[in-house]
Amino acid sequence: MSHKLIPSILLSIILTITCWTIGLFYVGLDLLFLPLMLLLFLIGISGIITIPIGFYRFIKKQIVGKGLSIFIGLSIGFYFGLLLQKPIDNWDTEQRNLSGQILATELENYKNLNGVYPKKLSQLNLSNLNNELPNNYQIQRFTYFVRDNGKYDLDIPIPIFDCWHWNENKKAFIYNDF
């Protein structure tokens, strides 16, 4: 069982981490990986049943087929991949909120100088911003809109109609699914 288990665990860990983080660095590729993400998710869910069956057969010294070994390895790798994903998610949250704080400060500075928020983010000092903003959250990643009431919406779009919305009170991006 172990000769097929270890490679499939490693493969699944790599695939899981790649699929769930690719959108952080290459916007839009997460949609391309969506079928693979769904497949890994289904393998992980079915692992709730197959992992105990496989280990039961292993303990009882019964034959565990090659296909079942690979499937169990993929399931276990999916779970380990999700566990390893947590530090990456924490890092991304820090980067996202840092970029929001930088942009919010720049927007407030612009308003203090001009009396209104800029109509577009491109009206801000982009040369300074591109140096200050984290690499994975450059200015082109954001959508921005000034409302009639003098407030603004600052969002980071996520594929499939979701976004991270800047909350001025919390000074953080909040997940928003339309």
# chains A, B, ... in the order shown; residues from 1 in each chain; ligands from 1
$ residues_around --residues "region 36-50 of chain A" --least-positions-apart "5" --cutoff "9 Å" --atoms "only C-alpha atoms" --output "PDB file with N, CA and C atoms, in the first residue's frame"
ATOM      1  N   SER A  12      -1.124  15.216  -4.329  1.00  0.00           N
ATOM      2  CA  SER A  12      -2.342  15.882  -3.898  1.00  0.00           C
ATOM      3  C   SER A  12      -2.049  17.134  -3.081  1.00  0.00           C
ATOM      4  N   LEU A  15      -0.988  19.757  -5.656  1.00  0.00           N
ATOM      5  CA  LEU A  15      -2.141  20.211  -6.442  1.00  0.00           C
ATOM      6  C   LEU A  15      -3.094  21.064  -5.606  1.00  0.00           C
ATOM      7  N   THR A  16      -3.351  20.648  -4.376  1.00  0.00           N
ATOM      8  CA  THR A  16      -4.270  21.397  -3.517  1.00  0.00           C
ATOM      9  C   THR A  16      -3.731  22.795  -3.234  1.00  0.00           C
ATOM     10  N   CYS A  19      -3.798  24.890  -6.548  1.00  0.00           N
ATOM     11  CA  CYS A  19      -5.145  25.289  -6.974  1.00  0.00           C
ATOM     12  C   CYS A  19      -5.728  26.373  -6.087  1.00  0.00           C
ATOM     13  N   TRP A  20      -5.508  26.272  -4.800  1.00  0.00           N
ATOM     14  CA  TRP A  20      -6.122  27.231  -3.892  1.00  0.00           C
ATOM     15  C   TRP A  20      -5.315  28.505  -3.717  1.00  0.00           C
ATOM     16  N   ASP A  30      -7.519  31.062 -11.204  1.00  0.00           N
ATOM     17  CA  ASP A  30      -8.280  30.198 -10.308  1.00  0.00           C
ATOM     18  C   ASP A  30      -9.509  29.635 -11.008  1.00  0.00           C
ATOM     19  N   PHE A  55      -7.421   1.761   5.737  1.00  0.00           N
ATOM     20  CA  PHE A  55      -6.630   1.452   6.917  1.00  0.00           C
ATOM     21  C   PHE A  55      -7.148   0.203   7.632  1.00  0.00           C
ATOM     22  N   LEU A  68      -7.288   1.936  -4.913  1.00  0.00           N
ATOM     23  CA  LEU A  68      -7.703   2.412  -3.595  1.00  0.00           C
ATOM     24  C   LEU A  68      -6.548   3.105  -2.879  1.00  0.00           C
ATOM     25  N   PHE A  71      -6.176   6.529  -4.382  1.00  0.00           N
ATOM     26  CA  PHE A  71      -7.308   7.344  -3.974  1.00  0.00           C
ATOM     27  C   PHE A  71      -7.157   7.790  -2.520  1.00  0.00           C
ATOM     28  N   ILE A  72      -6.755   6.877  -1.658  1.00  0.00           N
ATOM     29  CA  ILE A  72      -6.527   7.221  -0.247  1.00  0.00           C
ATOM     30  C   ILE A  72      -5.412   8.257  -0.142  1.00  0.00           C
ATOM     31  N   LEU A  74      -4.504  10.464  -2.379  1.00  0.00           N
ATOM     32  CA  LEU A  74      -5.006  11.757  -2.843  1.00  0.00           C
ATOM     33  C   LEU A  74      -5.887  12.413  -1.780  1.00  0.00           C
ATOM     34  N   SER A  75      -6.694  11.603  -1.095  1.00  0.00           N
ATOM     35  CA  SER A  75      -7.559  12.139  -0.034  1.00  0.00           C
ATOM     36  C   SER A  75      -6.739  12.698   1.121  1.00  0.00           C
ATOM     37  N   ILE A  76      -5.772  11.921   1.568  1.00  0.00           N
ATOM     38  CA  ILE A  76      -4.924  12.370   2.674  1.00  0.00           C
ATOM     39  C   ILE A  76      -4.148  13.621   2.266  1.00  0.00           C
ATOM     40  N   GLY A  77      -3.620  13.629   1.060  1.00  0.00           N
ATOM     41  CA  GLY A  77      -2.889  14.797   0.557  1.00  0.00           C
ATOM     42  C   GLY A  77      -3.756  16.033   0.485  1.00  0.00           C
ATOM     43  N   PHE A  78      -5.026  15.864   0.118  1.00  0.00           N
ATOM     44  CA  PHE A  78      -5.951  16.993   0.079  1.00  0.00           C
ATOM     45  C   PHE A  78      -6.071  17.624   1.469  1.00  0.00           C
ATOM     46  N   TYR A  79      -6.236  16.791   2.484  1.00  0.00           N
ATOM     47  CA  TYR A  79      -6.376  17.319   3.849  1.00  0.00           C
ATOM     48  C   TYR A  79      -5.090  17.993   4.332  1.00  0.00           C
TER      49      TYR A  79
END
$ atom_distance --atom1 "CA of Lys151 (chain A)" --atom2 "CA of Asn125 (chain A)"
19.9 Å
$ atom_distance --atom1 "CA of Ile51 (chain A)" --atom2 "CA of Pro35 (chain A)"
22.9 Å
$ residues_around --residues "Phe173 (chain A)" --least-positions-apart "6" --cutoff "12 Å" --atoms "only C-alpha atoms" --output "count of residues only"
23
$ select_by_dssp --residues "chain A" --states "strand (DSSP E or B)" --output "number ranges by chain"
A: 143-146, 152-158, 162-167, 172-177
$ select_by_dssp --residues "region 3-164 of chain A" --states "alpha helix (DSSP H)" --output "compact mmCIF listing (two decimals) with N, CA and C atoms, in the first residue's frame"
# COMPACT_ATOMS: atom_id res chain seq x y z
N HIS A 3 3.81 2.01 -1.22
CA HIS A 3 4.56 2.40 -2.41
C HIS A 3 3.72 3.27 -3.36
N LYS A 4 2.41 3.24 -3.30
CA LYS A 4 1.54 4.09 -4.10
C LYS A 4 0.97 5.24 -3.28
N LEU A 5 1.01 5.11 -1.98
CA LEU A 5 0.39 6.08 -1.08
C LEU A 5 1.20 7.38 -1.02
N ILE A 6 2.49 7.28 -0.79
CA ILE A 6 3.34 8.47 -0.60
C ILE A 6 3.35 9.37 -1.84
N PRO A 7 3.58 8.83 -3.05
CA PRO A 7 3.56 9.73 -4.22
C PRO A 7 2.20 10.40 -4.43
N SER A 8 1.11 9.68 -4.17
CA SER A 8 -0.20 10.29 -4.38
C SER A 8 -0.49 11.34 -3.31
N ILE A 9 0.01 11.13 -2.09
CA ILE A 9 -0.15 12.16 -1.05
C ILE A 9 0.60 13.43 -1.46
N LEU A 10 1.85 13.27 -1.88
CA LEU A 10 2.64 14.43 -2.28
C LEU A 10 2.02 15.15 -3.48
N LEU A 11 1.56 14.39 -4.45
CA LEU A 11 0.91 14.99 -5.62
C LEU A 11 -0.32 15.78 -5.20
N SER A 12 -1.12 15.22 -4.33
CA SER A 12 -2.34 15.88 -3.90
C SER A 12 -2.05 17.13 -3.08
N ILE A 13 -1.03 17.09 -2.24
CA ILE A 13 -0.64 18.28 -1.48
C ILE A 13 -0.25 19.40 -2.43
N ILE A 14 0.59 19.08 -3.40
CA ILE A 14 1.05 20.09 -4.36
C ILE A 14 -0.12 20.64 -5.17
N LEU A 15 -0.99 19.76 -5.66
CA LEU A 15 -2.14 20.21 -6.44
C LEU A 15 -3.09 21.06 -5.61
N THR A 16 -3.35 20.65 -4.38
CA THR A 16 -4.27 21.40 -3.52
C THR A 16 -3.73 22.80 -3.23
N ILE A 17 -2.49 22.89 -2.83
CA ILE A 17 -1.90 24.20 -2.53
C ILE A 17 -1.87 25.06 -3.79
N THR A 18 -1.49 24.48 -4.92
CA THR A 18 -1.43 25.25 -6.17
C THR A 18 -2.81 25.76 -6.56
N CYS A 19 -3.80 24.89 -6.55
CA CYS A 19 -5.14 25.29 -6.97
C CYS A 19 -5.73 26.37 -6.09
N TRP A 20 -5.51 26.27 -4.80
CA TRP A 20 -6.12 27.23 -3.89
C TRP A 20 -5.32 28.50 -3.72
N THR A 21 -4.09 28.57 -4.25
CA THR A 21 -3.31 29.80 -4.11
C THR A 21 -3.00 30.48 -5.43
N ILE A 22 -3.22 29.84 -6.54
CA ILE A 22 -2.81 30.41 -7.83
C ILE A 22 -3.47 31.76 -8.09
N GLY A 23 -4.70 31.93 -7.64
CA GLY A 23 -5.41 33.20 -7.84
C GLY A 23 -4.82 34.35 -7.06
N LEU A 24 -4.04 34.06 -6.02
CA LEU A 24 -3.40 35.12 -5.25
C LEU A 24 -2.32 35.81 -6.07
N PHE A 25 -1.67 35.05 -6.93
CA PHE A 25 -0.54 35.58 -7.67
C PHE A 25 -0.84 35.83 -9.14
N LEU A 29 -6.55 32.84 -12.99
CA LEU A 29 -6.18 31.44 -13.20
C LEU A 29 -6.95 30.51 -12.28
N ASP A 30 -7.52 31.06 -11.20
CA ASP A 30 -8.28 30.20 -10.31
C ASP A 30 -9.51 29.63 -11.01
N LEU A 31 -10.07 30.37 -11.95
CA LEU A 31 -11.19 29.83 -12.73
C LEU A 31 -10.74 28.69 -13.63
N LEU A 32 -9.55 28.79 -14.14
CA LEU A 32 -9.00 27.73 -14.98
C LEU A 32 -8.81 26.45 -14.16
N LEU A 34 -10.59 25.63 -11.54
CA LEU A 34 -11.82 25.28 -10.85
C LEU A 34 -12.22 23.81 -11.02
N PRO A 35 -12.16 23.22 -12.23
CA PRO A 35 -12.50 21.79 -12.33
C PRO A 35 -11.59 20.90 -11.48
N LEU A 36 -10.31 21.20 -11.46
CA LEU A 36 -9.38 20.42 -10.64
C LEU A 36 -9.66 20.63 -9.15
N MET A 37 -10.00 21.87 -8.77
CA MET A 37 -10.35 22.15 -7.38
C MET A 37 -11.57 21.33 -6.97
N LEU A 38 -12.58 21.28 -7.84
CA LEU A 38 -13.78 20.52 -7.53
C LEU A 38 -13.48 19.02 -7.42
N LEU A 39 -12.65 18.52 -8.32
CA LEU A 39 -12.27 17.11 -8.28
C LEU A 39 -11.53 16.79 -6.97
N LEU A 40 -10.58 17.63 -6.60
CA LEU A 40 -9.85 17.41 -5.34
C LEU A 40 -10.80 17.48 -4.14
N PHE A 41 -11.73 18.41 -4.18
CA PHE A 41 -12.70 18.53 -3.10
C PHE A 41 -13.55 17.26 -2.98
N LEU A 42 -14.01 16.74 -4.12
CA LEU A 42 -14.80 15.50 -4.10
C LEU A 42 -13.97 14.31 -3.60
N ILE A 43 -12.71 14.26 -4.02
CA ILE A 43 -11.82 13.19 -3.53
C ILE A 43 -11.65 13.32 -2.01
N GLY A 44 -11.47 14.54 -1.54
CA GLY A 44 -11.33 14.76 -0.11
C GLY A 44 -12.57 14.36 0.67
N ILE A 45 -13.74 14.71 0.15
CA ILE A 45 -14.99 14.35 0.81
C ILE A 45 -15.17 12.83 0.83
N SER A 46 -14.89 12.19 -0.30
CA SER A 46 -15.04 10.73 -0.33
C SER A 46 -13.97 10.04 0.51
N GLY A 47 -12.89 10.75 0.83
CA GLY A 47 -11.86 10.20 1.70
C GLY A 47 -12.37 9.89 3.09
N ILE A 48 -13.45 10.55 3.48
CA ILE A 48 -14.05 10.28 4.79
C ILE A 48 -14.45 8.80 4.88
N ILE A 49 -14.82 8.23 3.74
CA ILE A 49 -15.22 6.82 3.70
C ILE A 49 -14.03 5.92 3.33
N THR A 50 -13.27 6.32 2.31
CA THR A 50 -12.23 5.43 1.80
C THR A 50 -11.02 5.30 2.71
N ILE A 51 -10.66 6.36 3.42
CA ILE A 51 -9.49 6.28 4.31
C ILE A 51 -9.70 5.24 5.41
N PRO A 52 -10.84 5.28 6.14
CA PRO A 52 -11.03 4.23 7.16
C PRO A 52 -11.09 2.82 6.56
N ILE A 53 -11.71 2.67 5.39
CA ILE A 53 -11.76 1.35 4.75
C ILE A 53 -10.36 0.86 4.42
N GLY A 54 -9.55 1.74 3.84
CA GLY A 54 -8.19 1.36 3.47
C GLY A 54 -7.34 0.99 4.66
N PHE A 55 -7.42 1.76 5.74
CA PHE A 55 -6.63 1.45 6.92
C PHE A 55 -7.15 0.20 7.63
N TYR A 56 -8.43 -0.01 7.60
CA TYR A 56 -8.99 -1.24 8.17
C TYR A 56 -8.44 -2.45 7.42
N ARG A 57 -8.45 -2.37 6.09
CA ARG A 57 -7.93 -3.49 5.29
C ARG A 57 -6.43 -3.67 5.52
N PHE A 58 -5.71 -2.57 5.67
CA PHE A 58 -4.28 -2.63 5.91
C PHE A 58 -3.99 -3.30 7.26
N ILE A 59 -4.72 -2.90 8.29
CA ILE A 59 -4.53 -3.48 9.63
C ILE A 59 -4.86 -4.97 9.63
N LYS A 66 -4.36 -1.17 -5.86
CA LYS A 66 -3.57 -0.04 -6.31
C LYS A 66 -4.43 1.22 -6.43
N GLY A 67 -5.62 1.06 -7.02
CA GLY A 67 -6.52 2.21 -7.19
C GLY A 67 -6.96 2.80 -5.87
N LEU A 68 -7.29 1.94 -4.91
CA LEU A 68 -7.70 2.41 -3.59
C LEU A 68 -6.55 3.10 -2.88
N SER A 69 -5.34 2.58 -3.02
CA SER A 69 -4.17 3.20 -2.40
C SER A 69 -3.94 4.60 -2.95
N ILE A 70 -4.04 4.74 -4.26
CA ILE A 70 -3.85 6.05 -4.88
C ILE A 70 -4.95 7.00 -4.42
N PHE A 71 -6.18 6.53 -4.38
CA PHE A 71 -7.31 7.34 -3.97
C PHE A 71 -7.16 7.79 -2.52
N ILE A 72 -6.75 6.88 -1.66
CA ILE A 72 -6.53 7.22 -0.25
C ILE A 72 -5.41 8.26 -0.14
N GLY A 73 -4.35 8.07 -0.89
CA GLY A 73 -3.25 9.03 -0.88
C GLY A 73 -3.69 10.41 -1.32
N LEU A 74 -4.50 10.46 -2.38
CA LEU A 74 -5.01 11.76 -2.84
C LEU A 74 -5.89 12.41 -1.78
N SER A 75 -6.69 11.60 -1.10
CA SER A 75 -7.56 12.14 -0.03
C SER A 75 -6.74 12.70 1.12
N ILE A 76 -5.77 11.92 1.57
CA ILE A 76 -4.92 12.37 2.67
C ILE A 76 -4.15 13.62 2.27
N GLY A 77 -3.62 13.63 1.06
CA GLY A 77 -2.89 14.80 0.56
C GLY A 77 -3.76 16.03 0.48
N PHE A 78 -5.03 15.86 0.12
CA PHE A 78 -5.95 16.99 0.08
C PHE A 78 -6.07 17.62 1.47
N TYR A 79 -6.24 16.79 2.48
CA TYR A 79 -6.38 17.32 3.85
C TYR A 79 -5.09 17.99 4.33
N PHE A 80 -3.95 17.38 4.07
CA PHE A 80 -2.68 18.02 4.43
C PHE A 80 -2.49 19.33 3.66
N GLY A 81 -2.87 19.33 2.39
CA GLY A 81 -2.77 20.55 1.58
C GLY A 81 -3.60 21.68 2.16
N LEU A 82 -4.79 21.36 2.63
CA LEU A 82 -5.63 22.39 3.25
C LEU A 82 -5.02 22.90 4.55
N LEU A 83 -4.41 22.00 5.32
CA LEU A 83 -3.73 22.44 6.55
C LEU A 83 -2.55 23.36 6.24
N LEU A 84 -1.79 23.00 5.21
CA LEU A 84 -0.64 23.83 4.82
C LEU A 84 -1.08 25.13 4.18
N GLN A 85 -2.32 25.18 3.73
CA GLN A 85 -2.87 26.38 3.09
C GLN A 85 -3.11 27.50 4.11
N LYS A 86 -3.31 27.17 5.37
CA LYS A 86 -3.64 28.16 6.40
C LYS A 86 -2.59 29.26 6.51
N PRO A 87 -1.29 28.96 6.59
CA PRO A 87 -0.31 30.06 6.66
C PRO A 87 -0.32 30.93 5.41
N ILE A 88 -0.59 30.33 4.27
CA ILE A 88 -0.66 31.11 3.03
C ILE A 88 -1.87 32.03 3.08
N ASP A 89 -2.99 31.54 3.56
CA ASP A 89 -4.18 32.39 3.72
C ASP A 89 -3.94 33.54 4.69
N ASN A 90 -3.25 33.26 5.79
CA ASN A 90 -2.94 34.32 6.75
C ASN A 90 -2.04 35.38 6.12
N TRP A 91 -1.04 34.95 5.38
CA TRP A 91 -0.15 35.88 4.69
C TRP A 91 -0.94 36.73 3.70
N ASP A 92 -1.83 36.09 2.94
CA ASP A 92 -2.63 36.82 1.96
C ASP A 92 -3.54 37.84 2.63
N THR A 93 -4.14 37.49 3.76
CA THR A 93 -5.00 38.42 4.49
C THR A 93 -4.19 39.64 4.93
N GLU A 94 -2.99 39.42 5.43
CA GLU A 94 -2.12 40.53 5.83
C GLU A 94 -1.79 41.43 4.64
N GLN A 95 -1.44 40.82 3.51
CA GLN A 95 -1.09 41.58 2.31
C GLN A 95 -2.29 42.38 1.79
N ARG A 96 -3.44 41.74 1.77
CA ARG A 96 -4.67 42.37 1.29
C ARG A 96 -5.04 43.57 2.16
N ASN A 97 -5.01 43.38 3.47
CA ASN A 97 -5.38 44.47 4.38
C ASN A 97 -4.34 45.59 4.40
N LEU A 98 -3.07 45.24 4.25
CA LEU A 98 -2.03 46.26 4.14
C LEU A 98 -2.28 47.12 2.90
N SER A 99 -2.59 46.49 1.79
CA SER A 99 -2.85 47.26 0.57
C SER A 99 -4.07 48.15 0.74
N GLY A 100 -5.11 47.66 1.42
CA GLY A 100 -6.30 48.47 1.66
C GLY A 100 -6.00 49.67 2.54
N GLN A 101 -5.17 49.46 3.56
CA GLN A 101 -4.81 50.57 4.44
C GLN A 101 -4.01 51.63 3.70
N ILE A 102 -3.12 51.20 2.84
CA ILE A 102 -2.31 52.14 2.05
C ILE A 102 -3.22 52.93 1.11
N LEU A 103 -4.10 52.22 0.40
CA LEU A 103 -5.00 52.91 -0.53
C LEU A 103 -5.98 53.84 0.20
N ALA A 104 -6.52 53.39 1.33
CA ALA A 104 -7.45 54.23 2.09
C ALA A 104 -6.76 55.50 2.56
N THR A 105 -5.52 55.39 3.00
CA THR A 105 -4.75 56.57 3.43
C THR A 105 -4.54 57.52 2.25
N GLU A 106 -4.17 56.97 1.10
CA GLU A 106 -3.98 57.80 -0.09
C GLU A 106 -5.28 58.48 -0.53
N LEU A 107 -6.39 57.74 -0.44
CA LEU A 107 -7.68 58.33 -0.81
C LEU A 107 -8.06 59.45 0.14
N GLU A 108 -7.82 59.26 1.43
CA GLU A 108 -8.11 60.32 2.41
C GLU A 108 -7.20 61.53 2.19
N ASN A 109 -5.94 61.29 1.91
CA ASN A 109 -5.01 62.40 1.61
C ASN A 109 -5.48 63.18 0.40
N TYR A 110 -5.91 62.48 -0.63
CA TYR A 110 -6.41 63.14 -1.85
C TYR A 110 -7.64 63.98 -1.51
N LYS A 111 -8.54 63.42 -0.70
CA LYS A 111 -9.76 64.15 -0.32
C LYS A 111 -9.43 65.38 0.50
N ASN A 112 -8.46 65.28 1.41
CA ASN A 112 -8.06 66.42 2.23
C ASN A 112 -7.49 67.54 1.37
N LEU A 113 -6.77 67.19 0.32
CA LEU A 113 -6.17 68.20 -0.57
C LEU A 113 -7.18 68.79 -1.55
N ASN A 114 -8.13 67.96 -2.04
CA ASN A 114 -9.01 68.38 -3.13
C ASN A 114 -10.49 68.53 -2.73
N LEU A 126 0.58 57.25 -8.49
CA LEU A 126 0.80 55.83 -8.78
C LEU A 126 2.25 55.40 -8.62
N SER A 127 3.18 56.30 -8.86
CA SER A 127 4.59 55.89 -8.72
C SER A 127 4.90 55.53 -7.26
N ASN A 128 4.39 56.31 -6.32
CA ASN A 128 4.58 55.96 -4.90
C ASN A 128 3.80 54.71 -4.53
N LEU A 129 2.55 54.61 -5.01
CA LEU A 129 1.71 53.48 -4.65
C LEU A 129 2.27 52.15 -5.12
N ASN A 130 2.76 52.10 -6.33
CA ASN A 130 3.29 50.84 -6.86
C ASN A 130 4.50 50.36 -6.07
N ASN A 131 5.24 51.28 -5.46
CA ASN A 131 6.37 50.89 -4.61
C ASN A 131 5.91 50.44 -3.23
N GLU A 132 4.82 51.02 -2.73
CA GLU A 132 4.34 50.71 -1.38
C GLU A 132 3.45 49.48 -1.32
$ closest_residue --among "A:Lys119, A:Gly65, A:Asp177, A:Asn135" --to "Pro159 (chain A)" --atoms "only C-alpha atoms"
A:Asp177
$ closest_residue --among "A:Gln62, A:Ala172, A:Arg141, A:Gly28" --to "Ile160 (chain A)" --atoms "only C-alpha atoms"
A:Gly28
$ decode --residues "region 52-108 of chain A" --atoms "C-alpha atoms" --output "CSV table (one decimal), in the first residue's frame"
chain,number,residue,atom,x,y,z
A,52,PRO,CA,-11.0,4.2,7.2
A,53,ILE,CA,-11.8,1.3,4.7
A,54,GLY,CA,-8.2,1.4,3.5
A,55,PHE,CA,-6.6,1.5,6.9
A,56,TYR,CA,-9.0,-1.2,8.2
A,57,ARG,CA,-7.9,-3.5,5.3
A,58,PHE,CA,-4.3,-2.6,5.9
A,59,ILE,CA,-4.5,-3.5,9.6
A,60,LYS,CA,-6.3,-6.8,8.8
A,61,LYS,CA,-3.5,-7.6,6.4
A,62,GLN,CA,-6.0,-7.7,3.5
A,63,ILE,CA,-5.0,-6.6,0.0
A,64,VAL,CA,-5.5,-2.9,-0.6
A,65,GLY,CA,-5.8,-2.4,-4.4
A,66,LYS,CA,-3.6,0.0,-6.3
A,67,GLY,CA,-6.5,2.2,-7.2
A,68,LEU,CA,-7.7,2.4,-3.6
A,69,SER,CA,-4.2,3.2,-2.4
A,70,ILE,CA,-3.8,6.0,-4.9
A,71,PHE,CA,-7.3,7.3,-4.0
A,72,ILE,CA,-6.5,7.2,-0.2
A,73,GLY,CA,-3.2,9.0,-0.9
A,74,LEU,CA,-5.0,11.8,-2.8
A,75,SER,CA,-7.6,12.1,0.0
A,76,ILE,CA,-4.9,12.4,2.7
A,77,GLY,CA,-2.9,14.8,0.6
A,78,PHE,CA,-6.0,17.0,0.1
A,79,TYR,CA,-6.4,17.3,3.8
A,80,PHE,CA,-2.7,18.0,4.4
A,81,GLY,CA,-2.8,20.5,1.6
A,82,LEU,CA,-5.6,22.4,3.2
A,83,LEU,CA,-3.7,22.4,6.6
A,84,LEU,CA,-0.6,23.8,4.8
A,85,GLN,CA,-2.9,26.4,3.1
A,86,LYS,CA,-3.6,28.2,6.4
A,87,PRO,CA,-0.3,30.1,6.7
A,88,ILE,CA,-0.7,31.1,3.0
A,89,ASP,CA,-4.2,32.4,3.7
A,90,ASN,CA,-2.9,34.3,6.8
A,91,TRP,CA,-0.2,35.9,4.7
A,92,ASP,CA,-2.6,36.8,2.0
A,93,THR,CA,-5.0,38.4,4.5
A,94,GLU,CA,-2.1,40.5,5.8
A,95,GLN,CA,-1.1,41.6,2.3
A,96,ARG,CA,-4.7,42.4,1.3
A,97,ASN,CA,-5.4,44.5,4.4
A,98,LEU,CA,-2.0,46.3,4.1
A,99,SER,CA,-2.8,47.3,0.6
A,100,GLY,CA,-6.3,48.5,1.7
A,101,GLN,CA,-4.8,50.6,4.4
A,102,ILE,CA,-2.3,52.1,2.1
A,103,LEU,CA,-5.0,52.9,-0.5
A,104,ALA,CA,-7.4,54.2,2.1
A,105,THR,CA,-4.8,56.6,3.4
A,106,GLU,CA,-4.0,57.8,-0.1
A,107,LEU,CA,-7.7,58.3,-0.8
A,108,GLU,CA,-8.1,60.3,2.4
